[in-house]
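Dumped work.pdb below, it's PDB, C-alpha atoms:
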```pdb
ATOM      1  CA  MET A 249      17.229  29.261  49.792  1.00  0.00           C
ATOM      2  CA  PRO A 250      16.828  25.978  47.831  1.00  0.00           C
ATOM      3  CA  ARG A 251      16.440  26.324  44.100  1.00  0.00           C
ATOM      4  CA  HIS A 252      13.059  25.271  42.688  1.00  0.00           C
ATOM      5  CA  VAL A 253      13.345  22.226  40.426  1.00  0.00           C
ATOM      6  CA  ASP A 254      10.779  21.660  37.680  1.00  0.00           C
ATOM      7  CA  HIS A 255      10.606  17.866  37.764  1.00  0.00           C
ATOM      8  CA  ASP A 256       8.274  17.599  34.770  1.00  0.00           C
ATOM      9  CA  GLN A 257      10.711  19.654  32.720  1.00  0.00           C
ATOM     10  CA  ARG A 258      13.620  17.458  33.882  1.00  0.00           C
ATOM     11  CA  ARG A 259      11.743  14.283  32.969  1.00  0.00           C
ATOM     12  CA  GLY A 260      10.927  15.788  29.587  1.00  0.00           C
ATOM     13  CA  GLU A 261      14.602  16.546  28.999  1.00  0.00           C
ATOM     14  CA  MET A 262      15.463  12.971  29.917  1.00  0.00           C
ATOM     15  CA  SER A 263      12.864  11.677  27.476  1.00  0.00           C
ATOM     16  CA  GLN A 264      14.318  13.772  24.684  1.00  0.00           C
ATOM     17  CA  ALA A 265      17.720  12.328  25.539  1.00  0.00           C
ATOM     18  CA  VAL A 266      16.314   8.791  25.432  1.00  0.00           C
ATOM     19  CA  TRP A 267      14.840   9.477  22.006  1.00  0.00           C
ATOM     20  CA  ARG A 268      18.178  10.743  20.719  1.00  0.00           C
ATOM     21  CA  VAL A 269      20.076   7.737  22.061  1.00  0.00           C
ATOM     22  CA  VAL A 270      17.619   5.217  20.579  1.00  0.00           C
ATOM     23  CA  ARG A 271      17.680   6.972  17.212  1.00  0.00           C
ATOM     24  CA  GLU A 272      21.468   7.143  17.057  1.00  0.00           C
ATOM     25  CA  ARG A 273      22.508   3.901  18.832  1.00  0.00           C
ATOM     26  CA  GLY A 274      19.470   1.657  18.931  1.00  0.00           C
ATOM     27  CA  LEU A 275      18.034  -0.039  21.979  1.00  0.00           C
ATOM     28  CA  GLU A 276      21.323  -1.781  22.735  1.00  0.00           C
ATOM     29  CA  GLY A 277      22.933   1.633  23.218  1.00  0.00           C
ATOM     30  CA  LEU A 278      20.323   2.820  25.713  1.00  0.00           C
ATOM     31  CA  THR A 279      21.968   3.004  29.138  1.00  0.00           C
ATOM     32  CA  MET A 280      21.880   5.362  32.090  1.00  0.00           C
ATOM     33  CA  ARG A 281      25.325   6.598  31.050  1.00  0.00           C
ATOM     34  CA  SER A 282      24.373   7.256  27.413  1.00  0.00           C
ATOM     35  CA  VAL A 283      21.199   9.102  28.436  1.00  0.00           C
ATOM     36  CA  ALA A 284      23.148  11.186  30.943  1.00  0.00           C
ATOM     37  CA  ALA A 285      25.633  12.133  28.212  1.00  0.00           C
ATOM     38  CA  ALA A 286      22.828  13.043  25.800  1.00  0.00           C
ATOM     39  CA  ALA A 287      21.102  15.102  28.497  1.00  0.00           C
ATOM     40  CA  ASP A 288      24.404  16.676  29.604  1.00  0.00           C
ATOM     41  CA  CYS A 289      23.917  15.615  33.218  1.00  0.00           C
ATOM     42  CA  THR A 290      25.135  12.998  35.669  1.00  0.00           C
ATOM     43  CA  THR A 291      23.995   9.378  35.761  1.00  0.00           C
ATOM     44  CA  GLY A 292      22.833  10.071  39.309  1.00  0.00           C
ATOM     45  CA  ARG A 293      20.345  12.621  38.006  1.00  0.00           C
ATOM     46  CA  VAL A 294      19.017  10.136  35.462  1.00  0.00           C
ATOM     47  CA  ALA A 295      18.697   7.461  38.170  1.00  0.00           C
ATOM     48  CA  HIS A 296      16.769   9.936  40.337  1.00  0.00           C
ATOM     49  CA  TYR A 297      13.949   9.921  37.784  1.00  0.00           C
ATOM     50  CA  PHE A 298      14.221   6.462  36.226  1.00  0.00           C
ATOM     51  CA  SER A 299      15.041   3.214  37.994  1.00  0.00           C
ATOM     52  CA  ASP A 300      16.342   1.261  35.004  1.00  0.00           C
ATOM     53  CA  LYS A 301      16.485   0.951  31.218  1.00  0.00           C
ATOM     54  CA  ASN A 302      12.875  -0.238  30.935  1.00  0.00           C
ATOM     55  CA  ALA A 303      11.692   2.801  32.885  1.00  0.00           C
ATOM     56  CA  LEU A 304      13.590   5.055  30.474  1.00  0.00           C
ATOM     57  CA  LEU A 305      12.069   3.398  27.437  1.00  0.00           C
ATOM     58  CA  THR A 306       8.569   3.276  28.920  1.00  0.00           C
ATOM     59  CA  HIS A 307       8.571   6.969  29.726  1.00  0.00           C
ATOM     60  CA  ALA A 308       9.889   7.887  26.273  1.00  0.00           C
ATOM     61  CA  ARG A 309       7.193   5.704  24.709  1.00  0.00           C
ATOM     62  CA  ASP A 310       4.525   7.379  26.862  1.00  0.00           C
ATOM     63  CA  VAL A 311       5.719  10.829  25.818  1.00  0.00           C
ATOM     64  CA  MET A 312       5.618   9.713  22.183  1.00  0.00           C
ATOM     65  CA  HIS A 313       1.999   8.578  22.608  1.00  0.00           C
ATOM     66  CA  ARG A 314       1.018  11.862  24.251  1.00  0.00           C
ATOM     67  CA  ARG A 315       2.627  13.824  21.421  1.00  0.00           C
ATOM     68  CA  MET A 316       0.793  11.725  18.851  1.00  0.00           C
ATOM     69  CA  ALA A 317      -2.513  12.196  20.692  1.00  0.00           C
ATOM     70  CA  ALA A 318      -1.919  15.935  20.780  1.00  0.00           C
ATOM     71  CA  ARG A 319      -1.275  15.982  17.015  1.00  0.00           C
ATOM     72  CA  ILE A 320      -4.493  14.038  16.409  1.00  0.00           C
ATOM     73  CA  ASP A 321      -6.472  16.401  18.651  1.00  0.00           C
ATOM     74  CA  ALA A 322      -5.030  19.364  16.731  1.00  0.00           C
ATOM     75  CA  LEU A 323      -5.957  18.022  13.292  1.00  0.00           C
ATOM     76  CA  PRO A 324      -8.066  20.478  11.290  1.00  0.00           C
ATOM     77  CA  PRO A 325     -11.674  19.548  10.523  1.00  0.00           C
ATOM     78  CA  GLN A 326     -11.948  16.991   7.714  1.00  0.00           C
ATOM     79  CA  PRO A 327     -14.622  16.910   4.996  1.00  0.00           C
ATOM     80  CA  ASP A 328     -15.909  13.485   6.030  1.00  0.00           C
ATOM     81  CA  ALA A 329     -15.303  10.504   8.313  1.00  0.00           C
ATOM     82  CA  ARG A 330     -13.058   8.696   5.823  1.00  0.00           C
ATOM     83  CA  ALA A 331     -10.779  11.719   5.495  1.00  0.00           C
ATOM     84  CA  ARG A 332     -10.675  11.923   9.301  1.00  0.00           C
ATOM     85  CA  LEU A 333      -9.672   8.264   9.540  1.00  0.00           C
ATOM     86  CA  ARG A 334      -6.944   8.784   6.936  1.00  0.00           C
ATOM     87  CA  ALA A 335      -5.591  11.851   8.746  1.00  0.00           C
ATOM     88  CA  VAL A 336      -5.425   9.947  12.043  1.00  0.00           C
ATOM     89  CA  LEU A 337      -3.652   6.996  10.405  1.00  0.00           C
ATOM     90  CA  LEU A 338      -1.016   9.265   8.891  1.00  0.00           C
ATOM     91  CA  GLU A 339      -0.191  10.643  12.345  1.00  0.00           C
ATOM     92  CA  GLY A 340       0.980   7.141  13.276  1.00  0.00           C
ATOM     93  CA  LEU A 341       3.449   6.852  10.405  1.00  0.00           C
ATOM     94  CA  PRO A 342       7.047   8.129  10.067  1.00  0.00           C
ATOM     95  CA  LEU A 343       6.357  10.876   7.522  1.00  0.00           C
ATOM     96  CA  ASP A 344       8.565  13.604   9.043  1.00  0.00           C
ATOM     97  CA  ASP A 345      11.451  13.859  11.504  1.00  0.00           C
ATOM     98  CA  ASP A 346       9.265  13.945  14.615  1.00  0.00           C
ATOM     99  CA  ARG A 347       7.204  10.932  13.549  1.00  0.00           C
ATOM    100  CA  VAL A 348      10.309   9.038  12.404  1.00  0.00           C
ATOM    101  CA  LEU A 349      11.754   9.433  15.880  1.00  0.00           C
ATOM    102  CA  GLY A 350       8.485   8.392  17.500  1.00  0.00           C
ATOM    103  CA  SER A 351       8.197   5.336  15.258  1.00  0.00           C
ATOM    104  CA  THR A 352      11.790   4.401  16.058  1.00  0.00           C
ATOM    105  CA  VAL A 353      11.116   4.517  19.802  1.00  0.00           C
ATOM    106  CA  TRP A 354       7.937   2.484  19.255  1.00  0.00           C
ATOM    107  CA  ALA A 355       9.779  -0.130  17.170  1.00  0.00           C
ATOM    108  CA  HIS A 356      12.439  -0.645  19.834  1.00  0.00           C
ATOM    109  CA  PHE A 357       9.803  -0.783  22.564  1.00  0.00           C
ATOM    110  CA  LEU A 358       7.918  -3.416  20.566  1.00  0.00           C
ATOM    111  CA  LEU A 359      11.028  -5.576  20.277  1.00  0.00           C
ATOM    112  CA  ALA A 360      11.752  -5.234  23.989  1.00  0.00           C
ATOM    113  CA  ALA A 361       8.131  -6.095  24.834  1.00  0.00           C
ATOM    114  CA  ARG A 362       8.460  -9.413  22.996  1.00  0.00           C
ATOM    115  CA  THR A 363      10.499 -10.903  25.854  1.00  0.00           C
ATOM    116  CA  ASP A 364       9.545  -8.669  28.795  1.00  0.00           C
ATOM    117  CA  PRO A 365       6.130  -9.435  30.382  1.00  0.00           C
ATOM    118  CA  GLU A 366       5.798  -5.990  31.985  1.00  0.00           C
ATOM    119  CA  LEU A 367       6.526  -4.142  28.753  1.00  0.00           C
ATOM    120  CA  ARG A 368       4.303  -6.549  26.827  1.00  0.00           C
ATOM    121  CA  ALA A 369       1.408  -5.785  29.177  1.00  0.00           C
ATOM    122  CA  GLN A 370       1.923  -2.051  28.635  1.00  0.00           C
ATOM    123  CA  HIS A 371       2.057  -2.567  24.882  1.00  0.00           C
ATOM    124  CA  THR A 372      -1.158  -4.622  24.932  1.00  0.00           C
ATOM    125  CA  VAL A 373      -3.055  -1.837  26.717  1.00  0.00           C
ATOM    126  CA  ARG A 374      -1.832   0.795  24.246  1.00  0.00           C
ATOM    127  CA  HIS A 375      -2.469  -1.453  21.255  1.00  0.00           C
ATOM    128  CA  GLU A 376      -6.050  -2.247  22.220  1.00  0.00           C
ATOM    129  CA  SER A 377      -6.730   1.436  22.891  1.00  0.00           C
ATOM    130  CA  TRP A 378      -5.508   2.221  19.356  1.00  0.00           C
ATOM    131  CA  VAL A 379      -7.708  -0.553  17.930  1.00  0.00           C
ATOM    132  CA  ARG A 380     -10.739   0.898  19.730  1.00  0.00           C
ATOM    133  CA  ARG A 381     -10.019   4.387  18.401  1.00  0.00           C
ATOM    134  CA  LEU A 382      -9.729   3.154  14.829  1.00  0.00           C
ATOM    135  CA  THR A 383     -12.835   0.975  15.218  1.00  0.00           C
ATOM    136  CA  GLY A 384     -14.846   4.041  16.190  1.00  0.00           C
ATOM    137  CA  LEU A 385     -13.462   6.014  13.259  1.00  0.00           C
ATOM    138  CA  LEU A 386     -14.242   3.208  10.823  1.00  0.00           C
ATOM    139  CA  ARG A 387     -17.783   2.910  12.208  1.00  0.00           C
ATOM    140  CA  ASP A 388     -18.154   6.622  11.469  1.00  0.00           C
ATOM    141  CA  VAL A 389     -17.153   5.987   7.833  1.00  0.00           C
ATOM    142  CA  TYR A 390     -20.011   3.500   7.434  1.00  0.00           C
ATOM    143  CA  ALA A 391     -22.412   5.766   9.313  1.00  0.00           C
ATOM    144  CA  ASP A 392     -21.541   8.644   6.972  1.00  0.00           C
ATOM    145  CA  ALA A 393     -22.460   6.439   4.026  1.00  0.00           C
ATOM    146  CA  GLY A 394     -25.679   5.247   5.653  1.00  0.00           C
ATOM    147  CA  THR A 395     -24.339   1.697   5.506  1.00  0.00           C
ATOM    148  CA  PRO A 396     -24.321  -0.727   8.443  1.00  0.00           C
ATOM    149  CA  PRO A 397     -20.810  -1.809   9.457  1.00  0.00           C
ATOM    150  CA  PRO A 398     -19.804  -5.224   8.130  1.00  0.00           C
ATOM    151  CA  ASP A 399     -19.795  -8.311  10.336  1.00  0.00           C
ATOM    152  CA  ASP A 400     -16.017  -8.529   9.972  1.00  0.00           C
ATOM    153  CA  LEU A 401     -15.395  -4.963  11.160  1.00  0.00           C
ATOM    154  CA  ASP A 402     -12.899  -6.099  13.814  1.00  0.00           C
ATOM    155  CA  VAL A 403     -10.926  -8.086  11.224  1.00  0.00           C
ATOM    156  CA  ARG A 404     -10.836  -5.058   8.912  1.00  0.00           C
ATOM    157  CA  VAL A 405      -9.597  -2.814  11.701  1.00  0.00           C
ATOM    158  CA  ARG A 406      -6.880  -5.255  12.724  1.00  0.00           C
ATOM    159  CA  ALA A 407      -5.789  -5.667   9.099  1.00  0.00           C
ATOM    160  CA  LEU A 408      -5.513  -1.868   8.932  1.00  0.00           C
ATOM    161  CA  VAL A 409      -3.484  -1.798  12.154  1.00  0.00           C
ATOM    162  CA  ALA A 410      -1.208  -4.563  10.869  1.00  0.00           C
ATOM    163  CA  CYS A 411      -0.632  -2.632   7.647  1.00  0.00           C
ATOM    164  CA  LEU A 412       0.088   0.531   9.622  1.00  0.00           C
ATOM    165  CA  ASP A 413       2.522  -1.220  11.961  1.00  0.00           C
ATOM    166  CA  GLY A 414       4.288  -2.979   9.081  1.00  0.00           C
ATOM    167  CA  LEU A 415       4.644   0.268   7.180  1.00  0.00           C
ATOM    168  CA  ALA A 416       6.053   2.041  10.218  1.00  0.00           C
ATOM    169  CA  LEU A 417       8.593  -0.716  10.844  1.00  0.00           C
ATOM    170  CA  SER A 418       9.584  -0.884   7.164  1.00  0.00           C
ATOM    171  CA  ALA A 419       9.938   2.876   6.868  1.00  0.00           C
ATOM    172  CA  VAL A 420      12.108   3.026   9.995  1.00  0.00           C
ATOM    173  CA  ALA A 421      14.296   0.084   8.944  1.00  0.00           C
ATOM    174  CA  THR A 422      14.542   0.840   5.193  1.00  0.00           C
ATOM    175  CA  PRO A 423      13.527   4.467   4.643  1.00  0.00           C
ATOM    176  CA  ASP A 424      14.837   4.567   1.061  1.00  0.00           C
ATOM    177  CA  ALA A 425      12.508   1.716   0.098  1.00  0.00           C
ATOM    178  CA  TYR A 426       9.538   3.302   1.892  1.00  0.00           C
ATOM    179  CA  PRO A 427       9.649   7.079   1.327  1.00  0.00           C
ATOM    180  CA  PRO A 428       6.777   9.157   2.742  1.00  0.00           C
ATOM    181  CA  GLU A 429       4.936   9.462  -0.570  1.00  0.00           C
ATOM    182  CA  LEU A 430       4.884   5.678  -1.010  1.00  0.00           C
ATOM    183  CA  VAL A 431       3.775   5.146   2.590  1.00  0.00           C
ATOM    184  CA  ALA A 432       0.819   7.511   2.028  1.00  0.00           C
ATOM    185  CA  ARG A 433      -0.113   5.704  -1.202  1.00  0.00           C
ATOM    186  CA  VAL A 434      -0.070   2.329   0.550  1.00  0.00           C
ATOM    187  CA  ILE A 435      -2.368   3.657   3.267  1.00  0.00           C
ATOM    188  CA  ASP A 436      -4.768   4.967   0.621  1.00  0.00           C
ATOM    189  CA  LYS A 437      -4.845   1.551  -1.041  1.00  0.00           C
ATOM    190  CA  GLN A 438      -5.395  -0.180   2.310  1.00  0.00           C
ATOM    191  CA  LEU A 439      -8.254   2.204   3.056  1.00  0.00           C
ATOM    192  CA  GLU A 440      -9.871   1.212  -0.249  1.00  0.00           C
ATOM    193  CA  LEU A 441      -9.696  -2.421   0.828  1.00  0.00           C
ATOM    194  CA  THR A 442     -10.799  -1.725   4.394  1.00  0.00           C
ATOM    195  CA  CYS A 443     -13.768   0.435   3.379  1.00  0.00           C
ATOM    196  CA  GLY A 444     -14.978  -1.909   0.667  1.00  0.00           C
ATOM    197  CA  GLY A 445     -18.581  -1.230  -0.277  1.00  0.00           C
ATOM    198  CA  VAL A 446     -18.475   2.384   0.940  1.00  0.00           C
ATOM    199  CA  GLU A 447     -18.456   5.233  -1.540  1.00  0.00           C
ATOM    200  CA  ALA A 448     -15.243   7.301  -1.285  1.00  0.00           C
TER     201      ALA A 448
END
```

Structure rendered as structure tokens:
Amino acid sequence: MPRHVDHDQRRGEMSQAVWRVVRERGLEGLTMRSVAAAADCTTGRVAHYFSDKNALLTHARDVMHRRMAARIDALPPQPDARARLRAVLLEGLPLDDDRVLGSTVWAHFLLAARTDPELRAQHTVRHESWVRRLTGLLRDVYADAGTPPPDDLDVRVRALVACLDGLALSAVATPDAYPPELVARVIDKQLELTCGGVEA
């Protein structure tokens, strides 16, 4: 009788292996062979689920996004909209081992997307979705204060995203220079600038 294979579980194991390889060897070390070794399986099994290196990285990136979304959904209730926005922002920063690994995968995906049209298209969709989420959260901050959103709301959101992305990249590349407590302080300062005119 053929043994039942849980394909979702297998793909999840492969993703974990991809994450480990990227963290330890960087994108240049990501190959079918290195993932197979990290997953303790054959390269044939890896190839059964993923056609090439981009497919490996894309799936790992997608898993990272789903994990981040799950963390955001599980956030406890916040006292106000600004605290909610801050809590969501912190989920996108490398403040613990799980988020460091996720930010590392994201950073390598971003670099790969720079020269790969297919990956760049995927990144653009994810990026704009993130911008829309943060725009809604920032609108809620102004609504809480009974203040109409400023005309430059989109610019403020994109400045916040740029700060967030820069912090994540800096903390991944030079963690000693950007420890978690400093990263959180920078986000608080950026929120002050972003929410100018709104009472904290």

List every residue of segment 278-337 of chain A that has an atom at most 10 Å from any atom of segment 343-367 of chain A, and for each one report the closest atom pair and its distance in Å to one decimal, counting only C-alpha atoms, with rows sorted by chain and then by increasing residue number, as a tab-separated table.
```
residue	atom	partner	partner_atom	distance
A:Asn302	CA	A:Leu367	CA	7.8
A:Ala303	CA	A:Leu367	CA	9.6
A:Leu305	CA	A:Phe357	CA	6.8
A:Thr306	CA	A:Phe357	CA	7.6
A:Ala308	CA	A:Val353	CA	7.4
A:Arg309	CA	A:Trp354	CA	6.4
A:Asp310	CA	A:Trp354	CA	9.7
A:Val311	CA	A:Gly350	CA	9.1
A:Met312	CA	A:Gly350	CA	5.6
A:His313	CA	A:Gly350	CA	8.3
A:Arg315	CA	A:Gly350	CA	8.9
A:Met316	CA	A:Arg347	CA	8.4
```

Could those selected residues go to a file with C-alpha atoms, as a PDB file, keeping the file's coordinate frame?
```pdb
ATOM      1  CA  ASN A 302      12.875  -0.238  30.935  1.00  0.00           C
ATOM      2  CA  ALA A 303      11.692   2.801  32.885  1.00  0.00           C
ATOM      3  CA  LEU A 305      12.069   3.398  27.437  1.00  0.00           C
ATOM      4  CA  THR A 306       8.569   3.276  28.920  1.00  0.00           C
ATOM      5  CA  ALA A 308       9.889   7.887  26.273  1.00  0.00           C
ATOM      6  CA  ARG A 309       7.193   5.704  24.709  1.00  0.00           C
ATOM      7  CA  ASP A 310       4.525   7.379  26.862  1.00  0.00           C
ATOM      8  CA  VAL A 311       5.719  10.829  25.818  1.00  0.00           C
ATOM      9  CA  MET A 312       5.618   9.713  22.183  1.00  0.00           C
ATOM     10  CA  HIS A 313       1.999   8.578  22.608  1.00  0.00           C
ATOM     11  CA  ARG A 315       2.627  13.824  21.421  1.00  0.00           C
ATOM     12  CA  MET A 316       0.793  11.725  18.851  1.00  0.00           C
TER      13      MET A 316
END
```

_What's the separation between atom CA of Arg258 of chain A and atom CA of Thr279 of chain A, in Å to one decimal place?_
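Taking atom CA of Arg258 of chain A and atom CA of Thr279 of chain A, their separation equals 17.4 Å.
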
_For a cutoff of 10 Å around the file-coordinate point (-14.4, -5.2, 1.7), which residues qualify once you count all atoms listed in the file? I'd like the result as a list in words._
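Selection result: Pro398, Asp400, Leu401, Arg404, Leu439, Glu440, Leu441, Thr442, Cys443, Gly444, Gly445 and Val446 of chain A.
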
*asked:* Residues within 12 Å of segment 319-324 of chain A, please, as a ChimeraX atom specification. Count only C-alpha atoms; anything in the same chain fewer than 3 positions from it doesn't count.
replied: /A:312-316,327-328,331-340,346-347,381

*Work out how far atom CA of Gln326 of chain A is from atom CA of Thr383 of chain A, in Å to one decimal.*
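Atom-to-atom, atom CA of Thr383 of chain A and atom CA of Gln326 of chain A are spaced 17.7 Å apart.
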
_Computed interatomic separation between atom CA of Leu417 of chain A and atom CA of Glu261 of chain A (Å)_ =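 Atom CA of Glu261 of chain A lies at a distance of 25.8 Å from atom CA of Leu417 of chain A.
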
*For Tyr426 of chain A, which residue out of A:Phe298, A:Asp254, A:Ala329, A:Gly414 is the nearest one, using all atoms listed in the file?*
A:Gly414

*Which one is closest to Arg259 of chain A: A:Leu304, A:Val420, A:Ala318, A:Pro428? Count all atoms listed in the file.*
A:Leu304

_For this structure, which residues satisfy the selection - the PyMOL selection byres ((chain A and resi 379) around 12) - when it is evaluated on the file as given? I want them as a ChimeraX atom specification._
/A:337,372-378,380-386,401-410,412-413

Output, as AutoDock Vina command-line options, the centre and edge lengths in Å (one decimal) of the axis-aligned box that contains all listed atoms of segment 301-312 of chain A with 8 Å of margin on each side.
```
--center_x 10.5 --center_y 5.3 --center_z 27.5 --size_x 28.0 --size_y 27.1 --size_z 26.7
```

*If the PyMOL selection byres ((chain A and resi 295-297) around 12) is run on the structure shown, which residues does it catch, given as a PyMOL selection string?*
chain A and resi 255-263+279-281+283-284+289-294+298-301+303-304+307

*Taking all atoms listed in the file into account, which of A:Leu341, A:Val270, A:Leu275, A:Ala369 comes nearest Val434 of chain A?*
A:Leu341

*Which of these residues is nearest to Asp399 of chain A, using only C-alpha atoms: A:Arg268, A:His371, A:Arg387, A:Arg433?*
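Ranked by minimum distance to Asp399 of chain A, first place goes to A:Arg387.
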
Writing all heavy atoms and nothing else, produce segment 410-418 of chain A as a compact mmCIF listing (two decimals), in the first residue's frame.
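Saved file out-v3.txt follows:
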```
# COMPACT_ATOMS: atom_id res chain seq x y z
N ALA A 410 10.12 53.32 3.77
CA ALA A 410 11.54 53.42 3.46
C ALA A 410 12.39 53.33 4.73
O ALA A 410 13.44 52.68 4.74
CB ALA A 410 11.83 54.74 2.73
N CYS A 411 11.93 53.97 5.79
CA CYS A 411 12.63 53.88 7.07
C CYS A 411 12.63 52.44 7.57
O CYS A 411 13.66 51.92 8.01
CB CYS A 411 11.96 54.80 8.09
SG CYS A 411 12.68 54.72 9.75
N LEU A 412 11.49 51.79 7.48
CA LEU A 412 11.36 50.41 7.93
C LEU A 412 12.29 49.48 7.15
O LEU A 412 13.02 48.67 7.73
CB LEU A 412 9.91 49.97 7.76
CG LEU A 412 9.46 48.71 8.50
CD1 LEU A 412 9.33 48.99 9.98
CD2 LEU A 412 8.11 48.25 7.94
N ASP A 413 12.27 49.63 5.82
CA ASP A 413 13.11 48.78 4.98
C ASP A 413 14.59 49.04 5.25
O ASP A 413 15.40 48.10 5.33
CB ASP A 413 12.82 49.04 3.50
CG ASP A 413 11.46 48.50 3.06
OD1 ASP A 413 10.80 47.83 3.87
OD2 ASP A 413 11.07 48.75 1.91
N GLY A 414 14.97 50.31 5.38
CA GLY A 414 16.36 50.64 5.67
C GLY A 414 16.82 50.09 7.00
O GLY A 414 17.94 49.59 7.14
N LEU A 415 15.95 50.18 8.00
CA LEU A 415 16.29 49.63 9.31
C LEU A 415 16.48 48.12 9.24
O LEU A 415 17.41 47.57 9.84
CB LEU A 415 15.18 49.95 10.31
CG LEU A 415 15.24 51.28 11.04
CD1 LEU A 415 14.00 51.46 11.91
CD2 LEU A 415 16.50 51.39 11.89
N ALA A 416 15.56 47.45 8.53
CA ALA A 416 15.66 46.00 8.42
C ALA A 416 16.97 45.59 7.73
O ALA A 416 17.68 44.69 8.20
CB ALA A 416 14.46 45.44 7.65
N LEU A 417 17.30 46.26 6.64
CA LEU A 417 18.53 45.95 5.93
C LEU A 417 19.75 46.23 6.81
O LEU A 417 20.70 45.43 6.86
CB LEU A 417 18.62 46.77 4.64
CG LEU A 417 17.71 46.33 3.50
CD1 LEU A 417 17.74 47.38 2.38
CD2 LEU A 417 18.12 44.97 2.96
N SER A 418 19.75 47.37 7.50
CA SER A 418 20.89 47.73 8.34
C SER A 418 21.05 46.76 9.51
O SER A 418 22.17 46.37 9.85
CB SER A 418 20.71 49.16 8.89
OG SER A 418 20.71 50.10 7.84
```
